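*Asks:* Pasting a structure here, questions to come.
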Amino acid sequence: MAGFLPRQRRALPVPASGQAGGDGPADPLRLGRTMRLRLRDAVQALLADPSIVGLKDAPKLAAVVLYAKSRAPKGEMNDLQTSTWGAELGRWMGVKESTVHHKVLPVLRGSGAVHTQVVTDAKGHPTGLDCLVMPLWNAHHGSGAGHPLALTKAELATLLRLCEALFGHGWTPENKEPTPPGLLAGRTGKGAATDRLGLLLMVLNTRASGWLQLCGGSVKKREGRGAATLARLLGCSPSGARKVLARLTEAGVVARQRKATSTRMCGRGRVMLLPVACAYGRKLASVEAVSGPGSVFSARPNGAFGDHAPAGAAGALGTPGVGGAEDTEGAADQERPDGAELHADHASVVTPVVPPQLSGGFSGEGRGAEGRRPERASAGEDQAADGENAVAETGSPVAEGGPLRGEKPKESPVDERVEQRAAGAGTGGRPKAVGGGKAQQRRRVGLPADLCLRVALGPVSWLWERLSGWQQDQVEAAAKTELARLEGLLALPGGAPRLLADRLTDRLEETGGEALVTGPYGWLIRRGLVQRPSCSDRRCDDGIRLDTGTGCENCANVIHLRRARRARIGAEVDRELSGLSDGEHRRVIEERLREQAAIEAEDFVWRREQAREQQARRDAARVAAQERAEAERAAAAAAAGAVRQELVCADCGQQRAAGLCEACGYRRRTEALIVEAGMVAATWAADLTDAADVAAVTDHVREALAADIAKAQGEFMAMVEPGELDADPAGAASVLAFAALQAVEQAVPEYRSSALGRLGRTEEAEAEARRAYKTEQGRRWFKHNPHGADAVAAATKAADTARERTAQYLLAARLEQLREQAAARTKASGSAPWADRLPDLAARPLDDDTAGAVMA
């Protein structure tokens with residue numbers, strides 16, 4: 001990969017600002033704490049803007065670069081803008097110019113993050129591009145100087161110099177000092193923008209000591225805390241951040257270590273930004289780079305002991321603590337490189353870092369003061385190969401009676417654990433952690449246990465064995481989905497597995513057999529399990545009906561039409577151009593077939609447009625009809641309202657009262673509430689089977705409420721000036737009727753509360769309360785102490801609830817009984833004859849309009 005150092009056992013360089021020796025005060029990476037926090041807040045605020053937060057890393061990095069290159073505000077028309085062009089922005093990001101114009105700038109413009117304007121010369125040729133970062137514009141014109149994005153000119157210049165030192169492409173201006181390339185200037189292509197953005201964010205979150213400030217909380221052991229921290233900075237998954245961290249480590253700008261512990265095991269992992277540490281003049285010990293699979297020598301796991309290195313070899317890279325500003329000398333935090341094998345390759349010639357301190361002469365000698373062999377000769381070799389910086393637990397010790405290194409043991413502890421895992425997994429099962437090993441997702445030798453899947457995947461059993469555990473899970477899920485879909489197409493259930501097996505058999509015959517399938521997973525997911533309809537019928541698969549197993553009639557019709565068209569065109573060519581050779585005859589037929597296909601495609605497009613226009617006309621007509629219906633309903637409602645407004649009051653005869661005047665409406669509501677209050681009082685104070693007793697109670701309630709009404713009306717009349725109500729008799733009647741309604745509304749809840757209290761003391765309510773008390777007291781959690789304070793409190797609460805619920809039920813039931821009795825009496829009495837009603841109507845006073853009409 002371009003820009004990366006060779007993958008070999010070597011000591012990492014100590015880059016600083018793109019060149020060695022950049023530890024002076026003018027070093028762009030030597031930021032003060034205030035400046036670093038200011039720039040960090042600005043970049044994080046930019047990436048957290050709603051117009052940028054959901055974009056990919058390339059547009060995000062472009063927004064950061066354009067923001068750093070923006071001109072500071074000076075009150076001019078072109079302040080806050082950036083002048084650039086596509087090729088230059090691509091060099092900043094490590095991508096091609098076409099990527100900038102197709103995948104970066106359109107995305108930023110579409111989300112509203114950046115506004116661009118093409119700059120042209122006098123002849124109209126484009127010479128550049130003016131860009132305006134809208135979050136920066138909004139920060140200056142909406143939030144004021146206190147916004148994190150509102151950086152000063154000096155702060156923007158510092159951020160730009162930092163970006164130049166990290167990933168600037170370098171340039172040599174005329175009559176000026178050249179700007180050297182940045183640390184990741186040679187890193188181009190896929191993932192370059194992600195690496196550059198990740199390095200910038202890590203530098204801004206790194207203190208003067210060079211140690212990255214790691215996140216807290218629990219993280220996955222496989223990824224590590226460094227990858228989890230970078231994942232939170234970039235907004236990606238920990239696995240993706242682990243890859244970015246590995247690339248930055250290989251590029252020589254990041255070193256990963258683990259703190260040493262008193263037991264000489266690897267402890268908490270740490271991440272050092274080597275350029276930052278060098279910029280602050282930290283003295284760094286040599287740190288071995290991550291070696292790849294093709295290395296001649298396996299990278300020694302840092303911090304491991306045994307025969308990997310002499311006793312005194314220790315490399316320090318910072319002190320304990322994350323991101324501190326302490327001195328970085330003397331610490332021994334080291335981590336195992338990602339590519340280190342489980343066992344170190346014993347090289348024939350090894351250059352020791354310090355003179356060896358061996359006395360016994362064998363490779364597995366311990367490093368203790370005593371001259372005996374080590375307590376555990378296998379320590380330091382049992383490194384886990386599947387996790388980043390993960391150390392597996394040791395197996396059976398080989399000390400005290402075990403064979404020395406070089407001797408052939410009867411059976412290796414590692415082999416024993418492998419055999420135990422194989423025995424524990426079984427066919428179709430998952431492995432278990434045996435003997436201290438880490439449980440992994442291993443592939444299953446046999447097909448899934450589900451009978452349907454075993455039948456469906458039977459033809460590809462050999463391909464199944466070549467899949468990994470994760471791939472087998474994906475294929476199993478895809479097969480289940482396809483089986484469920486096929487079951488929905490069949491008339492008789494149970495035939496989907498056989499159909500899928502036949503499809504896989506046919507696909508293998510097309511390929512030439514399982515031996516010719518180079519990528520089993522891709523073949524199964526994209527070819528073997530996928531239905532290939534040859535026509536518009538969803539039951540068609542390569543011209544075969546899935547439900548019947550016969551040829552697809554629709555495909556046959558299509559083929560028949562194509563053959564008929566070819567025969568017709570061939571006859572026309574024979575008739576019009578006789579004497580052509582076979583090759584020329586075939587060429588003319590093909591040309592006319594293409595012309596006919598183009599005509600049919602154009603006709604199809606025309607018919608589709610016609611159908612769209614007709615649908616649009618139908619939709620418009622439907623909307624117009626709905627609008628007309630709404631208008632007609634509104635007009636009818638207005639007319640009905642006008643007619644209703646002309647009606648006289650049914651009670652007092654007032655003109656234009658819409659059937660009932662305001663005062664009469666209040667009176668009706670007051671009367672209904674009085675009747676309701678009388679019934680509520682009668683539910684507990686009267687014998688419901690005795691109509692006279694019920695009538696006596698209701699009359700008593702009516703008298704009491706009449707007294708309350710009179711009192712309320714008297715209080716109102718006392719507050720009114722004499723003669724004030726004579727000017728508007730109708731208004732005065734409405735006010736008095738409303739006062740009566742309010743008095744009754746205030747009294748009705750009191751009658752209901754009193755009735756519930758009396759009904760709650762009835763025998764039915766008490767019996768229900770006793771049953772609830774005993775039931776709650778007999779709960780299993782109270783059986784050990786049924787008379788305790790908790791049991792008594794819970795039982796009392798349950799009894800009160802049951803009593804209140806019973807009172808409410810009794811009140812509703814008795815009110816319903818009283819209403820039925822009242823309705824029966826009204827129906828029996830019937831309406832009063834006109835001879836009885838006319839005197840009451842004659843006693844009503846006439847208003848002015850009616851009186852004038854009568855006299856006329």
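Ordering of the structure tokens sets the chain letters (A, B, ...); residue numbers start at 1 within each chain; ligands are numbered from 1 in the order shown.
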As number ranges by chain, please: every residue in range 128-162 of chain A that a backbone DSSP assignment puts in alpha helix (DSSP H).
*Replies:* A: 134-138, 153-162
*Asks:* Would you mind exporting the chosen residues as a short mmCIF file (atom, residue, chain, number, x, y, z; two decimals), in the first residue's frame, restricted to all heavy atoms?
*Replies:*
```
data_model
loop_
_atom_site.label_atom_id
_atom_site.label_comp_id
_atom_site.auth_asym_id
_atom_site.auth_seq_id
_atom_site.Cartn_x
_atom_site.Cartn_y
_atom_site.Cartn_z
N MET A 134 -20.87 26.01 5.54
CA MET A 134 -22.06 26.62 6.14
C MET A 134 -22.10 26.52 7.66
O MET A 134 -22.57 27.46 8.32
CB MET A 134 -23.32 25.98 5.55
CG MET A 134 -23.51 26.26 4.08
SD MET A 134 -23.35 28.01 3.67
CE MET A 134 -24.68 28.71 4.64
N PRO A 135 -21.62 25.44 8.31
CA PRO A 135 -21.57 25.49 9.78
C PRO A 135 -20.71 26.63 10.32
O PRO A 135 -21.05 27.23 11.34
CB PRO A 135 -20.98 24.12 10.15
CG PRO A 135 -21.39 23.23 9.02
CD PRO A 135 -21.33 24.09 7.81
N LEU A 136 -19.61 26.97 9.62
CA LEU A 136 -18.79 28.10 10.02
C LEU A 136 -19.55 29.40 9.83
O LEU A 136 -19.51 30.30 10.68
CB LEU A 136 -17.50 28.10 9.20
CG LEU A 136 -16.55 29.29 9.42
CD1 LEU A 136 -16.09 29.35 10.86
CD2 LEU A 136 -15.36 29.19 8.47
N TRP A 137 -20.26 29.53 8.72
CA TRP A 137 -21.06 30.73 8.46
C TRP A 137 -22.15 30.89 9.52
O TRP A 137 -22.37 31.99 10.04
CB TRP A 137 -21.67 30.63 7.06
CG TRP A 137 -22.64 31.72 6.74
CD1 TRP A 137 -23.98 31.72 6.97
CD2 TRP A 137 -22.34 32.98 6.15
NE1 TRP A 137 -24.55 32.88 6.56
CE2 TRP A 137 -23.56 33.71 6.04
CE3 TRP A 137 -21.18 33.58 5.69
CZ2 TRP A 137 -23.63 34.97 5.50
CZ3 TRP A 137 -21.26 34.85 5.14
CH2 TRP A 137 -22.47 35.55 5.05
N ASN A 138 -22.84 29.81 9.83
CA ASN A 138 -23.90 29.89 10.84
C ASN A 138 -23.33 30.21 12.22
O ASN A 138 -23.97 30.92 13.01
CB ASN A 138 -24.65 28.56 10.89
CG ASN A 138 -25.35 28.25 9.58
OD1 ASN A 138 -25.74 29.15 8.85
ND2 ASN A 138 -25.48 26.97 9.27
N LYS A 153 -8.20 34.16 13.42
CA LYS A 153 -7.29 33.96 12.30
C LYS A 153 -6.10 33.11 12.71
O LYS A 153 -5.67 32.21 11.97
CB LYS A 153 -6.84 35.31 11.76
CG LYS A 153 -5.90 35.22 10.57
CD LYS A 153 -5.52 36.60 10.06
CE LYS A 153 -4.58 36.49 8.86
NZ LYS A 153 -4.19 37.84 8.36
N ALA A 154 -5.54 33.39 13.89
CA ALA A 154 -4.39 32.62 14.36
C ALA A 154 -4.76 31.16 14.62
O ALA A 154 -3.98 30.24 14.34
CB ALA A 154 -3.82 33.27 15.63
N GLU A 155 -5.94 30.92 15.17
CA GLU A 155 -6.36 29.55 15.45
C GLU A 155 -6.61 28.77 14.17
O GLU A 155 -6.25 27.59 14.07
CB GLU A 155 -7.61 29.56 16.32
CG GLU A 155 -7.35 30.09 17.73
CD GLU A 155 -8.62 30.35 18.50
OE1 GLU A 155 -9.69 30.46 17.87
OE2 GLU A 155 -8.56 30.46 19.74
N LEU A 156 -7.21 29.42 13.16
CA LEU A 156 -7.40 28.75 11.87
C LEU A 156 -6.06 28.43 11.23
O LEU A 156 -5.87 27.37 10.64
CB LEU A 156 -8.24 29.63 10.95
CG LEU A 156 -9.74 29.66 11.23
CD1 LEU A 156 -10.43 30.67 10.33
CD2 LEU A 156 -10.36 28.29 11.03
N ALA A 157 -5.09 29.36 11.34
CA ALA A 157 -3.77 29.11 10.78
C ALA A 157 -3.09 27.95 11.50
O ALA A 157 -2.41 27.12 10.88
CB ALA A 157 -2.92 30.38 10.88
N THR A 158 -3.26 27.86 12.80
CA THR A 158 -2.67 26.74 13.56
C THR A 158 -3.29 25.41 13.14
O THR A 158 -2.59 24.40 12.98
CB THR A 158 -2.88 26.98 15.06
OG1 THR A 158 -2.31 28.25 15.42
CG2 THR A 158 -2.22 25.88 15.87
N LEU A 159 -4.61 25.39 12.96
CA LEU A 159 -5.26 24.16 12.51
C LEU A 159 -4.79 23.77 11.12
O LEU A 159 -4.57 22.59 10.83
CB LEU A 159 -6.79 24.35 12.53
CG LEU A 159 -7.62 23.16 12.05
CD1 LEU A 159 -7.35 21.93 12.91
CD2 LEU A 159 -9.11 23.51 12.07
N LEU A 160 -4.61 24.74 10.22
CA LEU A 160 -4.15 24.44 8.88
C LEU A 160 -2.72 23.89 8.91
O LEU A 160 -2.39 22.93 8.19
CB LEU A 160 -4.22 25.70 8.01
CG LEU A 160 -3.76 25.54 6.55
CD1 LEU A 160 -4.60 24.48 5.85
CD2 LEU A 160 -3.85 26.86 5.81
N ARG A 161 -1.84 24.49 9.74
CA ARG A 161 -0.47 23.97 9.85
C ARG A 161 -0.46 22.56 10.43
O ARG A 161 0.36 21.72 10.04
CB ARG A 161 0.37 24.90 10.73
CG ARG A 161 0.66 26.26 10.10
CD ARG A 161 1.60 27.08 10.95
NE ARG A 161 2.90 26.41 11.06
CZ ARG A 161 3.58 26.31 12.19
NH1 ARG A 161 3.07 26.80 13.31
NH2 ARG A 161 4.77 25.72 12.21
N LEU A 162 -1.36 22.27 11.35
CA LEU A 162 -1.45 20.92 11.88
C LEU A 162 -1.86 19.93 10.81
O LEU A 162 -1.30 18.84 10.70
CB LEU A 162 -2.44 20.90 13.05
CG LEU A 162 -2.71 19.54 13.71
CD1 LEU A 162 -1.42 18.97 14.30
CD2 LEU A 162 -3.79 19.66 14.76
#
```
*Asks:* Using only C-alpha atoms, which protein or nucleic acid residues come within 9 Å of range 83-95 of chain A? Drop anything in the same chain fewer than 2 positions from it, and give the result as a PyMOL selection string.
*Replies:* chain A and resi 58+61-62+65-66+69-70+81+97-101+105+119+127-131+163-164+167-169+184-193+196
*Asks:* Closest to Ser209 in chain A among A:Ala496, A:Leu166, A:Val276, A:Leu725, using only C-alpha atoms?
*Replies:*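 Closest to Ser209 in chain A of all the choices is A:Val276.
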*Asks:* Using Å and a single decimal, report how far CA of Met679 in chain A sits from CA of Ala710 in chain A.
*Replies:*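 Result for CA of Ala710 in chain A versus CA of Met679 in chain A: 21.6 Å, one decimal.
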*Asks:* Give me the residues within 12 Å of Thr548 in chain A as a compact mmCIF listing (two decimals) with N, CA, C and O atoms, in the first residue's frame, counting only C-alpha atoms and dropping any in the same chain fewer than 4 places off.
*Replies:*
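Final output, around_24.txt:
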```txt
# COMPACT_ATOMS: atom_id res chain seq x y z
N LEU A 489 -45.24 -19.97 -2.46
CA LEU A 489 -45.58 -20.10 -3.88
C LEU A 489 -46.25 -21.44 -4.21
O LEU A 489 -46.87 -21.57 -5.26
N LEU A 490 -46.09 -22.41 -3.32
CA LEU A 490 -46.59 -23.75 -3.62
C LEU A 490 -48.00 -23.94 -3.09
O LEU A 490 -48.38 -23.39 -2.06
N ALA A 491 -48.75 -24.74 -3.81
CA ALA A 491 -50.13 -25.03 -3.38
C ALA A 491 -50.13 -26.02 -2.23
O ALA A 491 -50.94 -25.93 -1.30
N LEU A 492 -49.23 -27.01 -2.27
CA LEU A 492 -49.14 -28.02 -1.22
C LEU A 492 -47.89 -27.75 -0.39
O LEU A 492 -46.79 -27.57 -0.96
N GLY A 495 -42.93 -28.96 -0.03
CA GLY A 495 -42.10 -29.23 -1.21
C GLY A 495 -40.98 -28.25 -1.42
O GLY A 495 -40.20 -28.39 -2.38
N LEU A 499 -37.46 -28.50 -3.90
CA LEU A 499 -37.28 -27.52 -4.97
C LEU A 499 -35.93 -26.83 -4.87
O LEU A 499 -35.22 -26.64 -5.86
N ARG A 539 -43.36 -17.07 -10.22
CA ARG A 539 -43.19 -18.51 -10.02
C ARG A 539 -42.21 -19.11 -11.02
O ARG A 539 -41.97 -20.32 -11.00
N CYS A 540 -41.63 -18.31 -11.88
CA CYS A 540 -40.73 -18.79 -12.93
C CYS A 540 -39.30 -18.81 -12.40
O CYS A 540 -38.84 -17.86 -11.75
N ASP A 541 -38.58 -19.89 -12.67
CA ASP A 541 -37.16 -20.02 -12.31
C ASP A 541 -36.45 -20.70 -13.47
O ASP A 541 -36.58 -21.91 -13.66
N GLY A 543 -37.18 -20.52 -16.54
CA GLY A 543 -38.15 -21.06 -17.49
C GLY A 543 -38.95 -22.23 -16.97
O GLY A 543 -39.69 -22.85 -17.75
N ILE A 544 -38.84 -22.57 -15.69
CA ILE A 544 -39.56 -23.70 -15.09
C ILE A 544 -40.50 -23.15 -14.02
O ILE A 544 -40.12 -22.32 -13.21
N CYS A 552 -42.61 -22.97 -18.15
CA CYS A 552 -43.39 -21.77 -17.87
C CYS A 552 -44.15 -21.34 -19.12
O CYS A 552 -43.53 -21.12 -20.19
N GLU A 553 -45.49 -21.24 -19.03
CA GLU A 553 -46.29 -20.84 -20.18
C GLU A 553 -45.99 -19.42 -20.60
O GLU A 553 -45.98 -19.09 -21.81
```
*Asks:* Between A:Gln742, A:Leu463, A:Trp781, A:Leu838, which has the minimum distance to Gly513 in chain A (counting only C-alpha atoms)?
*Replies:*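 Distance minimum relative to Gly513 in chain A lands on A:Leu463.
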*Asks:* At a cut-off of 8 Å, using only C-alpha atoms, what residues contact Tyr67 in chain A? Leave out same-chain residues fewer than 4 positions from it and give the result as a PDB file with N, CA and C atoms, in the first residue's frame.
*Replies:*
```
ATOM      1  N   ALA A  63     -14.681  18.555   4.573  1.00  0.00           N
ATOM      2  CA  ALA A  63     -15.234  19.677   5.329  1.00  0.00           C
ATOM      3  C   ALA A  63     -14.205  20.221   6.322  1.00  0.00           C
ATOM      4  N   THR A  82     -13.203  29.686   1.046  1.00  0.00           N
ATOM      5  CA  THR A  82     -11.985  28.943   0.745  1.00  0.00           C
ATOM      6  C   THR A  82     -11.839  28.849  -0.762  1.00  0.00           C
ATOM      7  N   VAL A 133     -18.073  26.957   3.976  1.00  0.00           N
ATOM      8  CA  VAL A 133     -18.534  25.944   4.937  1.00  0.00           C
ATOM      9  C   VAL A 133     -19.678  26.554   5.741  1.00  0.00           C
ATOM     10  N   LEU A 136     -19.614  26.965   9.617  1.00  0.00           N
ATOM     11  CA  LEU A 136     -18.794  28.102  10.021  1.00  0.00           C
ATOM     12  C   LEU A 136     -19.554  29.404   9.831  1.00  0.00           C
TER      13      LEU A 136
END
```
*Asks:* Considering only C-alpha atoms, can you say which of A:Glu595, A:Glu721, A:Arg633, A:Ala730 comes closest to Gln655 in chain A?
*Replies:*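 Answer, going by the shortest atom-to-atom distance: A:Ala730.
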*Asks:* Need the shell around Ala732 in chain A: protein/DNA/RNA residues with any atom at most 10 Å away, counting only C-alpha atoms. Skip same-chain ones fewer than 6 positions apart. Format as an mmCIF file with N, CA, C and O atoms, in the first residue's frame?
*Replies:*
```cif
data_model
loop_
_atom_site.group_PDB
_atom_site.id
_atom_site.type_symbol
_atom_site.label_atom_id
_atom_site.label_comp_id
_atom_site.auth_asym_id
_atom_site.auth_seq_id
_atom_site.Cartn_x
_atom_site.Cartn_y
_atom_site.Cartn_z
ATOM 1 N N ALA A 663 -81.226 31.120 28.436
ATOM 2 C CA ALA A 663 -81.774 30.958 29.784
ATOM 3 C C ALA A 663 -82.491 29.622 29.927
ATOM 4 O O ALA A 663 -82.317 28.908 30.940
ATOM 5 N N MET A 717 -78.059 39.354 42.990
ATOM 6 C CA MET A 717 -78.884 40.566 42.921
ATOM 7 C C MET A 717 -78.348 41.640 43.849
ATOM 8 O O MET A 717 -78.476 42.839 43.574
ATOM 9 N N GLU A 724 -80.371 48.004 36.875
ATOM 10 C CA GLU A 724 -79.409 47.605 35.837
ATOM 11 C C GLU A 724 -79.939 46.459 35.009
ATOM 12 O O GLU A 724 -79.669 46.379 33.810
ATOM 13 N N LEU A 725 -80.700 45.539 35.653
ATOM 14 C CA LEU A 725 -81.207 44.395 34.916
ATOM 15 C C LEU A 725 -82.454 44.706 34.104
ATOM 16 O O LEU A 725 -82.839 43.893 33.253
ATOM 17 N N ASP A 726 -83.101 45.872 34.383
ATOM 18 C CA ASP A 726 -84.319 46.195 33.642
ATOM 19 C C ASP A 726 -84.025 46.529 32.192
ATOM 20 O O ASP A 726 -84.894 46.385 31.321
ATOM 21 N N PHE A 738 -77.974 30.942 34.980
ATOM 22 C CA PHE A 738 -76.610 30.435 35.090
ATOM 23 C C PHE A 738 -76.168 30.342 36.550
ATOM 24 O O PHE A 738 -75.463 29.409 36.948
#
```
*Asks:* Rank nothing, just name the residue among A:Gly665, A:Gly446, A:Gly182, A:Gly731 nearest to Gly469 in chain A, using only C-alpha atoms.
*Replies:*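 Answer, going by the shortest atom-to-atom distance: A:Gly446.
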*Asks:* Can you pull out the residues contacting Arg38 in chain A? Cut-off 9 Å, using only C-alpha atoms, and skip same-chain residues under 4 positions away; I want them as a ChimeraX atom specification.
*Replies:* /A:33-34,42-43,148,151,155
*Asks:* Would you mind exporting all heavy atoms of the selected residues as a PDB file, in the first residue's frame?
*Replies:*
```
ATOM      1  N   ARG A  33      -2.038  23.367  25.697  1.00  0.00           N
ATOM      2  CA  ARG A  33      -3.260  22.704  26.125  1.00  0.00           C
ATOM      3  C   ARG A  33      -4.489  23.497  25.715  1.00  0.00           C
ATOM      4  O   ARG A  33      -5.474  22.941  25.217  1.00  0.00           O
ATOM      5  CB  ARG A  33      -3.238  22.513  27.647  1.00  0.00           C
ATOM      6  CG  ARG A  33      -4.466  21.793  28.188  1.00  0.00           C
ATOM      7  CD  ARG A  33      -4.368  21.563  29.682  1.00  0.00           C
ATOM      8  NE  ARG A  33      -5.512  20.810  30.160  1.00  0.00           N
ATOM      9  CZ  ARG A  33      -6.686  21.356  30.491  1.00  0.00           C
ATOM     10  NH1 ARG A  33      -6.843  22.670  30.410  1.00  0.00           N
ATOM     11  NH2 ARG A  33      -7.686  20.607  30.916  1.00  0.00           N
ATOM     12  N   THR A  34      -4.447  24.831  25.888  1.00  0.00           N
ATOM     13  CA  THR A  34      -5.614  25.654  25.523  1.00  0.00           C
ATOM     14  C   THR A  34      -5.880  25.599  24.031  1.00  0.00           C
ATOM     15  O   THR A  34      -7.028  25.439  23.591  1.00  0.00           O
ATOM     16  CB  THR A  34      -5.387  27.096  25.972  1.00  0.00           C
ATOM     17  OG1 THR A  34      -5.118  27.120  27.378  1.00  0.00           O
ATOM     18  CG2 THR A  34      -6.604  27.947  25.672  1.00  0.00           C
ATOM     19  N   ALA A  42     -13.496  22.642  18.129  1.00  0.00           N
ATOM     20  CA  ALA A  42     -13.945  23.151  16.828  1.00  0.00           C
ATOM     21  C   ALA A  42     -14.153  22.010  15.843  1.00  0.00           C
ATOM     22  O   ALA A  42     -15.185  21.952  15.149  1.00  0.00           O
ATOM     23  CB  ALA A  42     -12.928  24.163  16.287  1.00  0.00           C
ATOM     24  N   VAL A  43     -13.204  21.084  15.755  1.00  0.00           N
ATOM     25  CA  VAL A  43     -13.333  19.975  14.804  1.00  0.00           C
ATOM     26  C   VAL A  43     -14.496  19.065  15.196  1.00  0.00           C
ATOM     27  O   VAL A  43     -15.279  18.622  14.345  1.00  0.00           O
ATOM     28  CB  VAL A  43     -12.004  19.196  14.746  1.00  0.00           C
ATOM     29  CG1 VAL A  43     -12.161  17.940  13.889  1.00  0.00           C
ATOM     30  CG2 VAL A  43     -10.903  20.078  14.188  1.00  0.00           C
ATOM     31  N   PRO A 148     -17.955  27.213  19.270  1.00  0.00           N
ATOM     32  CA  PRO A 148     -16.671  26.516  19.081  1.00  0.00           C
ATOM     33  C   PRO A 148     -16.094  26.676  17.682  1.00  0.00           C
ATOM     34  O   PRO A 148     -14.873  26.625  17.504  1.00  0.00           O
ATOM     35  CB  PRO A 148     -17.009  25.057  19.384  1.00  0.00           C
ATOM     36  CG  PRO A 148     -18.211  25.122  20.261  1.00  0.00           C
ATOM     37  CD  PRO A 148     -18.984  26.318  19.805  1.00  0.00           C
ATOM     38  N   LEU A 151     -13.401  30.323  15.218  1.00  0.00           N
ATOM     39  CA  LEU A 151     -11.989  30.455  15.511  1.00  0.00           C
ATOM     40  C   LEU A 151     -11.451  31.775  14.972  1.00  0.00           C
ATOM     41  O   LEU A 151     -11.953  32.320  13.980  1.00  0.00           O
ATOM     42  CB  LEU A 151     -11.199  29.295  14.887  1.00  0.00           C
ATOM     43  CG  LEU A 151     -11.545  27.890  15.387  1.00  0.00           C
ATOM     44  CD1 LEU A 151     -10.659  26.866  14.699  1.00  0.00           C
ATOM     45  CD2 LEU A 151     -11.405  27.787  16.892  1.00  0.00           C
ATOM     46  N   GLU A 155      -5.945  30.916  15.173  1.00  0.00           N
ATOM     47  CA  GLU A 155      -6.357  29.549  15.449  1.00  0.00           C
ATOM     48  C   GLU A 155      -6.607  28.767  14.172  1.00  0.00           C
ATOM     49  O   GLU A 155      -6.249  27.590  14.068  1.00  0.00           O
ATOM     50  CB  GLU A 155      -7.610  29.563  16.323  1.00  0.00           C
ATOM     51  CG  GLU A 155      -7.353  30.090  17.729  1.00  0.00           C
ATOM     52  CD  GLU A 155      -8.624  30.345  18.498  1.00  0.00           C
ATOM     53  OE1 GLU A 155      -9.689  30.464  17.867  1.00  0.00           O
ATOM     54  OE2 GLU A 155      -8.561  30.458  19.738  1.00  0.00           O
TER      55      GLU A 155
END
```
*Asks:* Could you tell me how far CA of Tyr521 in chain A sits from CA of Trp464 in chain A, in Å to one decimal place?
*Replies:*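 Separation between CA of Trp464 in chain A and CA of Tyr521 in chain A: 8.5 Å.
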*Asks:* To one decimal place, how far is CA of Leu245 in chain A from CA of Leu230 in chain A in Å?
*Replies:*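 CA of Leu230 in chain A lies 7.8 Å from CA of Leu245 in chain A.
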*Asks:* I'd like the contact shell of Ala799 in chain A - 9 Å cut-off, only C-alpha atoms, skipping same-chain residues fewer than 2 positions apart - returned as a list in words.
*Replies:*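 In the requested format, the answer is Glu766, Glu768, Ala769, Arg770, Arg771, Ala772, Tyr773, Lys774, Glu776, Ala794, Ala795, Thr796, Lys797, Thr801, Ala802, Arg803 and Glu804 of chain A.
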